[in-house]
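**Q** Below is the structure I would like to discuss, written out as structure tokens.
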There are 2 protein chains.
Amino acid sequence: MTTTGLEGFSLLDETWRAVTPDAARRMLIAAAHAFAGKGYHATTTRDIASLAGMSPAAVYIHYRSKEELLFNISLVGHETSLTLLSGIEGTGAVERLRNAVAAFAGWHAEFHTTARVVQYELGALSPEHHAEVAELRRQIEQRMRAYIADGIKEGVFDVPDLKGATLAVLSLCIDVARWYQPSGKRTPDEIGALYADLVLRMVRPN
Amino acid sequence: MTTTGLEGFSLLDETWRAVTPDAARRMLIAAAHAFAGKGYHATTTRDIASLAGMSPAAVYIHYRSKEELLFNISLVGHETSLTLLSGIEGTGAVERLRNAVAAFAGWHAEFHTTARVVQYELGALSPEHHAEVAELRRQIEQRMRAYIADGIKEGVFDVPDLKGATLAVLSLCIDVARWYQPSGKRTPDEIGALYADLVLRMVRPN
DNA sequence: CTTAGCGCTAAGCGCTCGCTTAGCGTGCAG
DNA sequence: CTGCACGCTAAGCGAGCGCTTAGCGCTAAG
């Protein structure tokens, strides 16, 4: 019996599957939990190491700095959510936007630990690292805008301001990471379905 | 000519008008700027003092701790936004919800500095202080829900899930504090109008 | 059996943190 | 003019920070 507090987690979350070796992955998962719970600056490298069940110095075997841990989490998180949003299928713009919002909002609930780091710790990245994830964020915005624009072309959506509507839809999904609690009444899938419904109401024509 | 970086600010923002003496107010404003810009934990008491144009020890003349500075900002910010949301007028539920969303979203843009501290630094408050602002947050939620519920009773709104819709509307407004930049294209009033419009589309009947 | 390589730990370095203490300078009551 | 109260500063304390260094124990090739 270990006492790291991460026993059941690494098995449930497949986000970090590709990270090797094992100790480096445990360190990343521990860091993601700590950053999500207390914020990057309030987390010490000793917190991360002890969550991962190792000594403080072990962090620096696999990562050059605490900021590099953050960057790895942020990069993988952005890539995962972009991939998710890019792989949306559906017949017609209505179904595609429904699936996109359900998936994107649902991801921010189900993986709220990673999502919180992704969305709220951007400012702690180095300028170079920040620029790298900013490019991914631009692609996420373009994808969502395209799903809405498709519906306008098809004539099934009507919005007064495409950029404004895209901003609002993304904003709605992202903010799920802030308020979501696993102990709450709604499951990630229910949140996805609720939000998809609300967004479709927002963009439907009169 | 001083070099505190706060020259034009205190005159523009009336949120802190009631805080006296003058040095205590300057300290609060400096802290709000620093917390909003870098986060509570990344801000040092030396940062705050030098932004306010005073020595590091001066912080402790007016406040017992750095956390007490945060609590004051959070409390006044929550009270201000609750007062704003409570004073909404309008003939009919449609106009009241329009005005409520415009005001609440607009506040999160115009006073995004305070709003960021209010919305994203709750976790740095002591348990006692957190409980105090949590009660104000409950009241804010109740107010917004009442505006939506009024429209359902009047028969001018139709939502599948009142609590879910309230959550989404508040979420949308709150997240403005995250992405808003004064250098952006939209003014706070324009954001308020855009969001009010989108929310009314979301709750309108078929 | 020897030994090189590697993942990891024990110990600790230099630094900066939140906060405290001692005392200075100003203004005002007597 | 004296003396004291008050707002503030200069200096610094103990603690804990990110990160480094020296070296341990295990594995496996020769």
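Lettering and numbering for the structure tokens are positional, with chains as A, B, ... in the shown order, residues counted from 1 in each chain, and ligands counted from 1 in the shown order.
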Neighbouring residues of Gln119 of chain A were defined as those with any atom within 12 Å, considering only C-alpha atoms (C1' of nucleotides); residues of the same chain fewer than 2 positions away were excluded. Please report them as a PDB file with N, CA, C and O atoms, in the first residue's frame.
**A**
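Result saved to out.pdb:
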```pdb
ATOM      1  N   PHE A  35      -1.202  21.127  -9.777  1.00  0.00           N
ATOM      2  CA  PHE A  35      -1.428  22.414 -10.446  1.00  0.00           C
ATOM      3  C   PHE A  35      -2.927  22.718 -10.515  1.00  0.00           C
ATOM      4  O   PHE A  35      -3.353  23.864 -10.313  1.00  0.00           O
ATOM      5  N   ALA A  36      -3.733  21.707 -10.841  1.00  0.00           N
ATOM      6  CA  ALA A  36      -5.177  21.914 -10.954  1.00  0.00           C
ATOM      7  C   ALA A  36      -5.791  22.255  -9.596  1.00  0.00           C
ATOM      8  O   ALA A  36      -6.695  23.074  -9.502  1.00  0.00           O
ATOM      9  N   GLY A  39      -3.039  25.494  -8.097  1.00  0.00           N
ATOM     10  CA  GLY A  39      -2.415  26.462  -8.998  1.00  0.00           C
ATOM     11  C   GLY A  39      -0.917  26.222  -9.099  1.00  0.00           C
ATOM     12  O   GLY A  39      -0.300  25.697  -8.175  1.00  0.00           O
ATOM     13  N   LEU A  70       4.894  21.901 -16.441  1.00  0.00           N
ATOM     14  CA  LEU A  70       3.679  22.627 -16.818  1.00  0.00           C
ATOM     15  C   LEU A  70       3.501  22.638 -18.327  1.00  0.00           C
ATOM     16  O   LEU A  70       2.398  22.390 -18.842  1.00  0.00           O
ATOM     17  N   ILE A  73       2.249  19.305 -19.696  1.00  0.00           N
ATOM     18  CA  ILE A  73       0.824  19.118 -19.415  1.00  0.00           C
ATOM     19  C   ILE A  73      -0.022  19.966 -20.354  1.00  0.00           C
ATOM     20  O   ILE A  73      -0.994  19.508 -20.953  1.00  0.00           O
ATOM     21  N   SER A  74       0.378  21.230 -20.497  1.00  0.00           N
ATOM     22  CA  SER A  74      -0.376  22.172 -21.315  1.00  0.00           C
ATOM     23  C   SER A  74      -0.363  21.751 -22.782  1.00  0.00           C
ATOM     24  O   SER A  74      -1.404  21.767 -23.456  1.00  0.00           O
ATOM     25  N   LEU A  75       0.782  21.332 -23.277  1.00  0.00           N
ATOM     26  CA  LEU A  75       0.907  20.933 -24.676  1.00  0.00           C
ATOM     27  C   LEU A  75       0.063  19.699 -24.973  1.00  0.00           C
ATOM     28  O   LEU A  75      -0.740  19.689 -25.911  1.00  0.00           O
ATOM     29  N   GLY A  77      -2.414  18.521 -23.284  1.00  0.00           N
ATOM     30  CA  GLY A  77      -3.819  18.865 -23.088  1.00  0.00           C
ATOM     31  C   GLY A  77      -4.396  19.614 -24.277  1.00  0.00           C
ATOM     32  O   GLY A  77      -5.494  19.291 -24.750  1.00  0.00           O
ATOM     33  N   HIS A  78      -3.674  20.599 -24.775  1.00  0.00           N
ATOM     34  CA  HIS A  78      -4.149  21.338 -25.956  1.00  0.00           C
ATOM     35  C   HIS A  78      -4.237  20.422 -27.174  1.00  0.00           C
ATOM     36  O   HIS A  78      -5.220  20.466 -27.929  1.00  0.00           O
ATOM     37  N   SER A  81      -7.311  18.089 -26.889  1.00  0.00           N
ATOM     38  CA  SER A  81      -8.620  18.708 -27.114  1.00  0.00           C
ATOM     39  C   SER A  81      -8.771  19.166 -28.564  1.00  0.00           C
ATOM     40  O   SER A  81      -9.867  19.124 -29.121  1.00  0.00           O
ATOM     41  N   HIS A 108     -13.972  19.060 -21.064  1.00  0.00           N
ATOM     42  CA  HIS A 108     -13.600  19.985 -19.989  1.00  0.00           C
ATOM     43  C   HIS A 108     -14.158  19.551 -18.637  1.00  0.00           C
ATOM     44  O   HIS A 108     -13.652  19.975 -17.596  1.00  0.00           O
ATOM     45  N   PHE A 111     -12.137  15.646 -18.030  1.00  0.00           N
ATOM     46  CA  PHE A 111     -10.710  15.852 -17.761  1.00  0.00           C
ATOM     47  C   PHE A 111     -10.470  17.238 -17.177  1.00  0.00           C
ATOM     48  O   PHE A 111      -9.544  17.943 -17.580  1.00  0.00           O
ATOM     49  N   HIS A 112     -11.318  17.588 -16.208  1.00  0.00           N
ATOM     50  CA  HIS A 112     -11.253  18.943 -15.653  1.00  0.00           C
ATOM     51  C   HIS A 112      -9.910  19.216 -14.978  1.00  0.00           C
ATOM     52  O   HIS A 112      -9.478  20.358 -14.897  1.00  0.00           O
ATOM     53  N   THR A 113      -9.257  18.169 -14.495  1.00  0.00           N
ATOM     54  CA  THR A 113      -7.934  18.365 -13.887  1.00  0.00           C
ATOM     55  C   THR A 113      -6.955  18.913 -14.922  1.00  0.00           C
ATOM     56  O   THR A 113      -6.367  19.985 -14.727  1.00  0.00           O
ATOM     57  N   THR A 114      -6.824  18.205 -16.026  1.00  0.00           N
ATOM     58  CA  THR A 114      -5.964  18.686 -17.106  1.00  0.00           C
ATOM     59  C   THR A 114      -6.478  20.009 -17.666  1.00  0.00           C
ATOM     60  O   THR A 114      -5.703  20.936 -17.917  1.00  0.00           O
ATOM     61  N   ALA A 115      -7.790  20.096 -17.845  1.00  0.00           N
ATOM     62  CA  ALA A 115      -8.385  21.280 -18.463  1.00  0.00           C
ATOM     63  C   ALA A 115      -8.113  22.548 -17.651  1.00  0.00           C
ATOM     64  O   ALA A 115      -7.893  23.619 -18.214  1.00  0.00           O
ATOM     65  N   ARG A 116      -8.122  22.413 -16.338  1.00  0.00           N
ATOM     66  CA  ARG A 116      -7.842  23.590 -15.502  1.00  0.00           C
ATOM     67  C   ARG A 116      -6.430  24.102 -15.711  1.00  0.00           C
ATOM     68  O   ARG A 116      -6.190  25.307 -15.781  1.00  0.00           O
ATOM     69  N   VAL A 117      -5.489  23.176 -15.815  1.00  0.00           N
ATOM     70  CA  VAL A 117      -4.108  23.578 -16.085  1.00  0.00           C
ATOM     71  C   VAL A 117      -4.023  24.228 -17.460  1.00  0.00           C
ATOM     72  O   VAL A 117      -3.418  25.290 -17.640  1.00  0.00           O
ATOM     73  N   GLU A 121      -3.510  28.243 -16.438  1.00  0.00           N
ATOM     74  CA  GLU A 121      -2.103  28.416 -16.094  1.00  0.00           C
ATOM     75  C   GLU A 121      -1.257  28.852 -17.277  1.00  0.00           C
ATOM     76  O   GLU A 121      -0.028  28.746 -17.237  1.00  0.00           O
ATOM     77  N   LEU A 122      -1.905  29.351 -18.319  1.00  0.00           N
ATOM     78  CA  LEU A 122      -1.172  29.826 -19.497  1.00  0.00           C
ATOM     79  C   LEU A 122      -0.148  30.887 -19.142  1.00  0.00           C
ATOM     80  O   LEU A 122       0.934  30.943 -19.715  1.00  0.00           O
ATOM     81  N   GLY A 123      -0.505  31.728 -18.180  1.00  0.00           N
ATOM     82  CA  GLY A 123       0.358  32.851 -17.812  1.00  0.00           C
ATOM     83  C   GLY A 123       1.647  32.448 -17.135  1.00  0.00           C
ATOM     84  O   GLY A 123       2.575  33.251 -17.039  1.00  0.00           O
ATOM     85  N   ALA A 124       1.718  31.205 -16.668  1.00  0.00           N
ATOM     86  CA  ALA A 124       2.934  30.747 -15.991  1.00  0.00           C
ATOM     87  C   ALA A 124       3.928  30.118 -16.964  1.00  0.00           C
ATOM     88  O   ALA A 124       5.036  29.764 -16.577  1.00  0.00           O
ATOM     89  N   LEU A 125       3.532  29.977 -18.231  1.00  0.00           N
ATOM     90  CA  LEU A 125       4.448  29.427 -19.236  1.00  0.00           C
ATOM     91  C   LEU A 125       5.488  30.461 -19.636  1.00  0.00           C
ATOM     92  O   LEU A 125       5.227  31.666 -19.594  1.00  0.00           O
ATOM     93  N   HIS A 130       4.555  29.605 -24.272  1.00  0.00           N
ATOM     94  CA  HIS A 130       3.239  30.210 -24.423  1.00  0.00           C
ATOM     95  C   HIS A 130       2.893  30.396 -25.896  1.00  0.00           C
ATOM     96  O   HIS A 130       1.767  30.118 -26.327  1.00  0.00           O
ATOM     97  N   VAL A 133       1.679  27.029 -27.457  1.00  0.00           N
ATOM     98  CA  VAL A 133       0.296  26.605 -27.205  1.00  0.00           C
ATOM     99  C   VAL A 133      -0.703  27.620 -27.757  1.00  0.00           C
ATOM    100  O   VAL A 133      -1.831  27.258 -28.097  1.00  0.00           O
ATOM    101  N   ALA A 134      -0.284  28.885 -27.893  1.00  0.00           N
ATOM    102  CA  ALA A 134      -1.188  29.898 -28.454  1.00  0.00           C
ATOM    103  C   ALA A 134      -1.570  29.529 -29.879  1.00  0.00           C
ATOM    104  O   ALA A 134      -2.705  29.758 -30.314  1.00  0.00           O
ATOM    105  N   ARG A 137      -4.250  27.029 -29.720  1.00  0.00           N
ATOM    106  CA  ARG A 137      -5.511  27.666 -29.326  1.00  0.00           C
ATOM    107  C   ARG A 137      -6.163  28.352 -30.522  1.00  0.00           C
ATOM    108  O   ARG A 137      -7.390  28.350 -30.672  1.00  0.00           O
ATOM    109  N   LEU A 170     -17.090  28.814 -27.351  1.00  0.00           N
ATOM    110  CA  LEU A 170     -15.845  28.310 -26.756  1.00  0.00           C
ATOM    111  C   LEU A 170     -15.772  28.669 -25.283  1.00  0.00           C
ATOM    112  O   LEU A 170     -15.396  27.851 -24.433  1.00  0.00           O
ATOM    113  N   SER A 171     -16.120  29.911 -24.974  1.00  0.00           N
ATOM    114  CA  SER A 171     -16.085  30.409 -23.611  1.00  0.00           C
ATOM    115  C   SER A 171     -16.949  29.566 -22.684  1.00  0.00           C
ATOM    116  O   SER A 171     -16.544  29.182 -21.583  1.00  0.00           O
ATOM    117  N   CYS A 173     -17.886  26.428 -23.088  1.00  0.00           N
ATOM    118  CA  CYS A 173     -17.292  25.092 -22.903  1.00  0.00           C
ATOM    119  C   CYS A 173     -16.084  25.148 -21.969  1.00  0.00           C
ATOM    120  O   CYS A 173     -15.924  24.304 -21.074  1.00  0.00           O
ATOM    121  N   ILE A 174     -15.231  26.128 -22.186  1.00  0.00           N
ATOM    122  CA  ILE A 174     -13.993  26.248 -21.391  1.00  0.00           C
ATOM    123  C   ILE A 174     -14.313  26.468 -19.930  1.00  0.00           C
ATOM    124  O   ILE A 174     -13.672  25.901 -19.038  1.00  0.00           O
ATOM    125  N   ASP A 175     -15.332  27.293 -19.670  1.00  0.00           N
ATOM    126  CA  ASP A 175     -15.648  27.622 -18.272  1.00  0.00           C
ATOM    127  C   ASP A 175     -16.156  26.416 -17.483  1.00  0.00           C
ATOM    128  O   ASP A 175     -16.197  26.452 -16.256  1.00  0.00           O
ATOM    129  N   VAL A 176     -16.524  25.358 -18.176  1.00  0.00           N
ATOM    130  CA  VAL A 176     -16.918  24.118 -17.480  1.00  0.00           C
ATOM    131  C   VAL A 176     -15.791  23.664 -16.547  1.00  0.00           C
ATOM    132  O   VAL A 176     -16.044  23.200 -15.428  1.00  0.00           O
ATOM    133  N   ALA A 177     -14.563  23.813 -17.001  1.00  0.00           N
ATOM    134  CA  ALA A 177     -13.414  23.376 -16.188  1.00  0.00           C
ATOM    135  C   ALA A 177     -13.348  24.112 -14.858  1.00  0.00           C
ATOM    136  O   ALA A 177     -12.840  23.579 -13.872  1.00  0.00           O
ATOM    137  N   ARG A 178     -13.857  25.347 -14.831  1.00  0.00           N
ATOM    138  CA  ARG A 178     -13.818  26.142 -13.601  1.00  0.00           C
ATOM    139  C   ARG A 178     -14.819  25.642 -12.561  1.00  0.00           C
ATOM    140  O   ARG A 178     -14.473  25.463 -11.389  1.00  0.00           O
TER     141      ARG A 178
ATOM    142  N   TYR B 120     -11.119  33.997  -9.984  1.00  0.00           N
ATOM    143  CA  TYR B 120     -10.073  32.991 -10.142  1.00  0.00           C
ATOM    144  C   TYR B 120      -9.148  32.842  -8.946  1.00  0.00           C
ATOM    145  O   TYR B 120      -8.227  32.024  -8.983  1.00  0.00           O
ATOM    146  N   ASP B 175     -16.869  34.144 -17.608  1.00  0.00           N
ATOM    147  CA  ASP B 175     -15.689  33.832 -18.418  1.00  0.00           C
ATOM    148  C   ASP B 175     -15.187  35.034 -19.211  1.00  0.00           C
ATOM    149  O   ASP B 175     -14.074  35.014 -19.729  1.00  0.00           O
ATOM    150  N   ARG B 178     -11.901  36.230 -18.120  1.00  0.00           N
ATOM    151  CA  ARG B 178     -10.718  35.473 -18.543  1.00  0.00           C
ATOM    152  C   ARG B 178     -10.160  35.985 -19.872  1.00  0.00           C
ATOM    153  O   ARG B 178      -8.964  36.199 -20.000  1.00  0.00           O
ATOM    154  N   TRP B 179     -11.043  36.184 -20.854  1.00  0.00           N
ATOM    155  CA  TRP B 179     -10.527  36.485 -22.201  1.00  0.00           C
ATOM    156  C   TRP B 179     -10.508  37.973 -22.547  1.00  0.00           C
ATOM    157  O   TRP B 179      -9.828  38.377 -23.499  1.00  0.00           O
TER     158      TRP B 179
END
```
**Q** Would you give me, as a PyMOL selection string, the residues of chain B that come within 10 Å of chain C, using only C-alpha atoms (C1' of nucleotides)?
**A** chain B and resi 44-46+56-57+59-60+64-66
**Q** Mind writing the picked residues with N, CA and C atoms as a PDB file, in the first residue's frame?
**A**
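Written file, result-v9.pdb:
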```pdb
ATOM      1  N   THR B  44       4.227  39.032  -4.853  1.00  0.00           N
ATOM      2  CA  THR B  44       4.862  39.174  -3.545  1.00  0.00           C
ATOM      3  C   THR B  44       4.362  40.453  -2.872  1.00  0.00           C
ATOM      4  N   THR B  45       4.486  40.473  -1.560  1.00  0.00           N
ATOM      5  CA  THR B  45       4.076  41.687  -0.844  1.00  0.00           C
ATOM      6  C   THR B  45       4.960  42.864  -1.252  1.00  0.00           C
ATOM      7  N   ARG B  46       6.177  42.559  -1.689  1.00  0.00           N
ATOM      8  CA  ARG B  46       7.062  43.614  -2.189  1.00  0.00           C
ATOM      9  C   ARG B  46       6.547  44.192  -3.508  1.00  0.00           C
ATOM     10  N   PRO B  56       7.999  47.788   1.656  1.00  0.00           N
ATOM     11  CA  PRO B  56       7.362  46.483   1.881  1.00  0.00           C
ATOM     12  C   PRO B  56       6.620  46.384   3.208  1.00  0.00           C
ATOM     13  N   ALA B  57       7.142  47.036   4.240  1.00  0.00           N
ATOM     14  CA  ALA B  57       6.513  46.929   5.555  1.00  0.00           C
ATOM     15  C   ALA B  57       5.194  47.691   5.645  1.00  0.00           C
ATOM     16  N   VAL B  59       2.616  47.534   3.906  1.00  0.00           N
ATOM     17  CA  VAL B  59       1.454  46.671   3.710  1.00  0.00           C
ATOM     18  C   VAL B  59       0.812  46.330   5.047  1.00  0.00           C
ATOM     19  N   TYR B  60       1.661  46.088   6.047  1.00  0.00           N
ATOM     20  CA  TYR B  60       1.192  45.543   7.330  1.00  0.00           C
ATOM     21  C   TYR B  60       0.717  46.615   8.306  1.00  0.00           C
ATOM     22  N   ARG B  64      -3.512  42.896   7.965  1.00  0.00           N
ATOM     23  CA  ARG B  64      -2.825  41.927   8.806  1.00  0.00           C
ATOM     24  C   ARG B  64      -1.951  40.973   7.998  1.00  0.00           C
ATOM     25  N   SER B  65      -2.391  40.678   6.783  1.00  0.00           N
ATOM     26  CA  SER B  65      -1.654  39.718   5.959  1.00  0.00           C
ATOM     27  C   SER B  65      -1.970  39.945   4.483  1.00  0.00           C
ATOM     28  N   LYS B  66      -1.208  39.288   3.640  1.00  0.00           N
ATOM     29  CA  LYS B  66      -1.459  39.315   2.198  1.00  0.00           C
ATOM     30  C   LYS B  66      -2.846  38.729   1.892  1.00  0.00           C
TER      31      LYS B  66
END
```
**Q** Got a sec to align chain B on chain A by every in-order Cα pair and hand back the fitted coordinates as a short mmCIF file (atom, residue, chain, number, x, y, z; two decimals) with C-alpha atoms, in the first residue's frame?
**A**
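superposed.cif written:
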```cif
data_model
loop_
_atom_site.label_atom_id
_atom_site.label_comp_id
_atom_site.auth_asym_id
_atom_site.auth_seq_id
_atom_site.Cartn_x
_atom_site.Cartn_y
_atom_site.Cartn_z
CA MET B 1 -0.20 0.02 -0.11
CA THR B 2 1.43 3.27 -1.15
CA THR B 3 0.24 6.66 0.06
CA THR B 4 0.81 8.89 -2.94
CA GLY B 5 -2.87 9.59 -3.50
CA LEU B 6 -2.68 8.73 -7.19
CA GLU B 7 -3.53 5.01 -7.04
CA GLY B 8 -6.67 4.93 -9.12
CA PHE B 9 -5.93 7.83 -11.36
CA SER B 10 -3.33 6.79 -13.87
CA LEU B 11 -5.43 3.82 -14.87
CA LEU B 12 -8.52 5.93 -15.53
CA ASP B 13 -6.92 8.74 -17.52
CA GLU B 14 -5.53 7.79 -20.91
CA THR B 15 -4.31 11.28 -21.73
CA TRP B 16 -0.76 10.44 -20.63
CA ARG B 17 -0.48 6.97 -22.11
CA ALA B 18 2.33 7.95 -24.49
CA VAL B 19 4.54 9.46 -21.80
CA THR B 20 7.50 7.26 -20.89
CA PRO B 21 9.29 6.16 -18.81
CA ASP B 22 6.82 5.26 -16.12
CA ALA B 23 8.35 7.55 -13.50
CA ALA B 24 8.14 10.53 -15.85
CA ARG B 25 4.45 9.82 -16.45
CA ARG B 26 3.71 9.51 -12.74
CA MET B 27 5.46 12.84 -12.21
CA LEU B 28 3.35 14.52 -14.93
CA ILE B 29 0.12 13.14 -13.50
CA ALA B 30 1.11 14.23 -10.00
CA ALA B 31 1.97 17.70 -11.30
CA ALA B 32 -1.32 17.98 -13.22
CA HIS B 33 -3.26 17.14 -10.05
CA ALA B 34 -1.30 19.56 -7.90
CA PHE B 35 -1.44 22.41 -10.45
CA ALA B 36 -5.18 21.91 -10.97
CA GLY B 37 -5.86 21.80 -7.24
CA LYS B 38 -3.76 24.68 -5.94
CA GLY B 39 -2.42 26.48 -9.00
CA TYR B 40 1.06 26.37 -10.49
CA HIS B 41 2.67 28.96 -8.22
CA ALA B 42 1.21 27.50 -5.03
CA THR B 43 2.52 24.05 -5.91
CA THR B 44 6.06 23.17 -4.83
CA THR B 45 8.33 20.68 -6.53
CA ARG B 46 8.28 18.82 -3.21
CA ASP B 47 4.47 18.53 -3.47
CA ILE B 48 4.79 17.00 -6.93
CA ALA B 49 7.55 14.59 -5.96
CA SER B 50 5.74 13.34 -2.88
CA LEU B 51 2.46 12.92 -4.82
CA ALA B 52 4.45 10.81 -7.28
CA GLY B 53 5.98 8.86 -4.39
CA MET B 54 9.56 9.97 -5.00
CA SER B 55 12.19 12.29 -3.57
CA PRO B 56 12.23 16.03 -4.43
CA ALA B 57 15.31 15.62 -6.60
CA ALA B 58 13.65 12.99 -8.79
CA VAL B 59 11.68 15.69 -10.58
CA TYR B 60 14.89 16.87 -12.23
CA ILE B 61 15.84 13.46 -13.60
CA HIS B 62 13.00 13.67 -16.13
CA TYR B 63 12.31 17.41 -16.44
CA ARG B 64 14.63 20.39 -16.58
CA SER B 65 12.39 22.58 -14.46
CA LYS B 66 8.97 22.93 -12.86
CA GLU B 67 7.92 25.09 -15.82
CA GLU B 68 8.81 22.27 -18.24
CA LEU B 69 6.43 20.01 -16.34
CA LEU B 70 3.70 22.62 -16.81
CA PHE B 71 4.51 22.98 -20.49
CA ASN B 72 4.24 19.23 -21.08
CA ILE B 73 0.83 19.11 -19.41
CA SER B 74 -0.37 22.16 -21.32
CA LEU B 75 0.92 20.92 -24.67
CA VAL B 76 -0.55 17.42 -24.40
CA GLY B 77 -3.81 18.86 -23.08
CA HIS B 78 -4.14 21.32 -25.95
CA GLU B 79 -3.25 18.67 -28.52
CA THR B 80 -5.75 16.22 -27.06
CA SER B 81 -8.64 18.69 -27.10
CA LEU B 82 -7.75 19.91 -30.60
CA THR B 83 -7.66 16.33 -31.88
CA LEU B 84 -11.02 15.68 -30.24
CA LEU B 85 -12.56 18.78 -31.81
CA SER B 86 -11.08 17.99 -35.22
CA GLY B 87 -12.46 14.48 -35.36
CA ILE B 88 -16.14 15.44 -35.08
CA GLU B 89 -18.51 13.66 -37.44
CA GLY B 90 -22.17 14.12 -38.25
CA THR B 91 -24.57 14.53 -41.14
CA GLY B 92 -25.27 18.21 -41.55
CA ALA B 93 -24.06 21.27 -39.68
CA VAL B 94 -26.61 20.90 -36.87
CA GLU B 95 -25.42 17.42 -35.93
CA ARG B 96 -21.76 18.40 -36.28
CA LEU B 97 -22.08 21.44 -34.01
CA ARG B 98 -24.09 19.39 -31.53
CA ASN B 99 -21.39 16.74 -31.43
CA ALA B 100 -18.59 19.30 -31.29
CA VAL B 101 -20.02 21.19 -28.32
CA ALA B 102 -20.97 17.99 -26.51
CA ALA B 103 -17.47 16.61 -26.98
CA PHE B 104 -15.60 19.80 -26.14
CA ALA B 105 -17.69 20.72 -23.10
CA GLY B 106 -17.72 17.08 -21.98
CA TRP B 107 -13.93 16.92 -22.22
CA HIS B 108 -13.61 19.98 -19.98
CA ALA B 109 -15.75 18.18 -17.40
CA GLU B 110 -14.34 14.67 -17.61
CA PHE B 111 -10.73 15.85 -17.75
CA HIS B 112 -11.26 18.95 -15.65
CA THR B 113 -7.95 18.36 -13.88
CA THR B 114 -5.97 18.68 -17.11
CA ALA B 115 -8.39 21.28 -18.46
CA ARG B 116 -7.86 23.60 -15.50
CA VAL B 117 -4.12 23.57 -16.07
CA VAL B 118 -4.65 24.09 -19.80
CA GLN B 119 -7.05 27.01 -19.39
CA TYR B 120 -5.88 28.78 -16.25
CA GLU B 121 -2.10 28.42 -16.09
CA LEU B 122 -1.17 29.82 -19.50
CA GLY B 123 0.37 32.85 -17.83
CA ALA B 124 2.95 30.74 -15.99
CA LEU B 125 4.46 29.41 -19.23
CA SER B 126 7.68 30.90 -20.60
CA PRO B 127 7.11 33.25 -23.56
CA GLU B 128 8.41 30.59 -26.00
CA HIS B 129 6.22 27.85 -24.59
CA HIS B 130 3.25 30.19 -24.43
CA ALA B 131 3.64 31.00 -28.11
CA GLU B 132 3.61 27.30 -28.94
CA VAL B 133 0.30 26.59 -27.21
CA ALA B 134 -1.18 29.88 -28.46
CA GLU B 135 -0.91 28.49 -31.98
CA LEU B 136 -2.89 25.40 -30.94
CA ARG B 137 -5.51 27.66 -29.33
CA ARG B 138 -5.86 29.53 -32.62
CA GLN B 139 -6.52 26.24 -34.38
CA ILE B 140 -9.15 25.27 -31.82
CA GLU B 141 -10.91 28.58 -32.39
CA GLN B 142 -10.81 28.12 -36.17
CA ARG B 143 -12.30 24.63 -35.91
CA MET B 144 -15.22 25.77 -33.80
CA ARG B 145 -15.83 28.78 -36.03
CA ALA B 146 -15.89 26.52 -39.09
CA TYR B 147 -18.61 24.33 -37.54
CA ILE B 148 -20.78 27.41 -36.98
CA ALA B 149 -19.96 28.93 -40.38
CA ASP B 150 -21.01 25.67 -42.08
CA GLY B 151 -24.47 26.00 -40.59
CA ILE B 152 -24.79 29.58 -41.77
CA LYS B 153 -23.87 28.51 -45.30
CA GLU B 154 -26.38 25.67 -45.11
CA GLY B 155 -28.97 28.16 -43.92
CA VAL B 156 -29.72 26.22 -40.72
CA PHE B 157 -27.98 28.69 -38.35
CA ASP B 158 -28.47 32.40 -37.96
CA VAL B 159 -26.12 34.47 -35.78
CA PRO B 160 -25.64 38.24 -35.80
CA ASP B 161 -21.86 37.99 -35.37
CA LEU B 162 -19.87 34.86 -36.29
CA LYS B 163 -16.70 35.74 -34.37
CA GLY B 164 -18.71 36.80 -31.33
CA ALA B 165 -20.79 33.63 -31.37
CA THR B 166 -17.69 31.46 -31.70
CA LEU B 167 -16.12 33.27 -28.76
CA ALA B 168 -19.24 32.69 -26.67
CA VAL B 169 -19.50 28.99 -27.54
CA LEU B 170 -15.84 28.30 -26.76
CA SER B 171 -16.09 30.40 -23.62
CA LEU B 172 -19.08 28.42 -22.41
CA CYS B 173 -17.29 25.10 -22.91
CA ILE B 174 -14.00 26.25 -21.40
CA ASP B 175 -15.65 27.63 -18.27
CA VAL B 176 -16.93 24.13 -17.48
CA ALA B 177 -13.43 23.38 -16.19
CA ARG B 178 -13.83 26.14 -13.59
CA TRP B 179 -17.11 25.07 -12.00
CA TYR B 180 -17.28 21.32 -12.65
CA GLN B 181 -17.07 19.04 -9.64
CA PRO B 182 -17.09 15.23 -9.94
CA SER B 183 -19.33 15.16 -6.87
CA GLY B 184 -21.93 17.30 -8.63
CA LYS B 185 -25.23 16.02 -9.96
CA ARG B 186 -24.44 16.13 -13.68
CA THR B 187 -22.17 13.66 -15.44
CA PRO B 188 -19.75 14.94 -18.11
CA ASP B 189 -22.00 13.43 -20.79
CA GLU B 190 -25.06 15.18 -19.39
CA ILE B 191 -23.18 18.49 -19.33
CA GLY B 192 -22.14 17.92 -22.94
CA ALA B 193 -25.73 17.21 -23.98
CA LEU B 194 -27.12 20.19 -22.04
CA TYR B 195 -24.58 22.58 -23.50
CA ALA B 196 -25.01 21.26 -27.04
CA ASP B 197 -28.72 21.86 -26.69
CA LEU B 198 -28.26 25.41 -25.35
CA VAL B 199 -25.79 26.29 -28.10
CA LEU B 200 -28.10 25.01 -30.84
CA ARG B 201 -30.88 27.13 -29.37
CA MET B 202 -28.53 30.11 -29.50
CA VAL B 203 -27.69 29.73 -33.19
CA ARG B 204 -31.05 28.56 -34.55
CA PRO B 205 -32.91 30.92 -36.90
CA ASN B 206 -36.17 32.55 -35.81
#
```
**Q** Find the residues in chain D near chain B: any atom within 12 Å counts, using only C-alpha atoms (C1' of nucleotides). Write them as a PyMOL selection string.
**A** chain D and resi 6-12
